[in-house]
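Encoded as C-alpha cells, the structure appears first; notes follow it.
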Amino acid sequence: MKTRSTIAVALAGGLACAAMAFAGPALANKGPFTWCPGDGYYNGVDTFLAWDWNVCHTYYTVGYGQGNVPLTYTTDYPASIWDGENPPPALPGCPPIAFLCPPS
C-alpha cells in the first residue's frame with residue numbers, strides 16, 4: 001500500500017512540474033519603439049496594422065490580443081502592438097501555442 005501512495009505522490013509531483021514548465025514565465029512587454037514613415041517593417045510592425053501610416057508612432061509589443069491597434073484582416077483580435085504610452089501589464093506565461101493565450 002505504501003508503494004502505491006509513493007507512486008501517486010511521484011506522479012502528481014511530476015505532473016505539477018510539467019504544468020509549470022508548460023506555462024512558462026511571464027511575458028514582458030517590449031518597447032518603447034518608434035516607427036516613422038519610410039522605416040522598414042520590424043519589431044512587430046507589418047502591413048497588417050490598421051494605423052495611420054503617414055505619422056510617426058511610439059509603440060510597444062504586448063501579449064497576444066492585448067494591443068490597441070486593429071488588424072486589417074480581422075476584427076476578432078487586436079494586434080500585439082500598443083500604440084502610445086501606458087501599455088497594459090504583461091500577461092502571465094502562455095503556452096507555446098499562441099491561440100491558447102487568453103485575450104484581454
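All residue names refer to the C-alpha cells as shown: chains lettered A, B, ... in order, residues numbered from 1 in each chain, ligands numbered from 1 in order.
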
- Neighbours of A:Trp53 within 10 Å (only C-alpha atoms; same-chain residues fewer than 6 positions away dropped), as a list in words? Trp35, Cys36, Pro37, Gly38 and Thr47 of chain A

Would you output that residue set with C-alpha atoms, as a PDB file, in the first residue's frame?
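That gives us result.pdb:
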```pdb
ATOM      1  CA  TRP A  35       8.220  53.786 -36.287  1.00  0.00           C
ATOM      2  CA  CYS A  36       8.030  56.642 -38.825  1.00  0.00           C
ATOM      3  CA  PRO A  37       7.013  56.757 -42.493  1.00  0.00           C
ATOM      4  CA  GLY A  38       9.852  55.404 -44.592  1.00  0.00           C
ATOM      5  CA  THR A  47       1.360  45.803 -43.398  1.00  0.00           C
TER       6      THR A  47
END
```

- Item | Distance query A:Asp83 at most 12 Å, only C-alpha atoms, self and fewer than 4 positions along chain excluded, as a list of chain:residue names |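 Once the adjacent positions are removed, what remains is A:Gly31, A:Pro32, A:Phe33, A:Thr34, A:Trp35, A:Gly44, A:Val45, A:Leu49, A:Ala50, A:Trp51, A:Asp52, A:Val55, A:Cys56, A:His57, A:Thr58, A:Tyr59, A:Tyr60, A:Thr61, A:Val62, A:Gln66, A:Gly67, A:Asn68, A:Val69, A:Pro70, A:Pro78, A:Ala79, A:Pro87, A:Pro88.
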
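Of the listed residues A:Asp39, A:Asn29, A:Ala90, A:Ser80, the one whose atoms come nearest to A:Tyr64 is A:Ser80, with distances taken using only C-alpha atoms.
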
- Message: Can you measure atom CA of A:Gly40 to atom CA of A:Leu91 for me? One decimal in Å is fine.
- Response: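 Atom CA of A:Gly40 sits 27.8 Å away from atom CA of A:Leu91.
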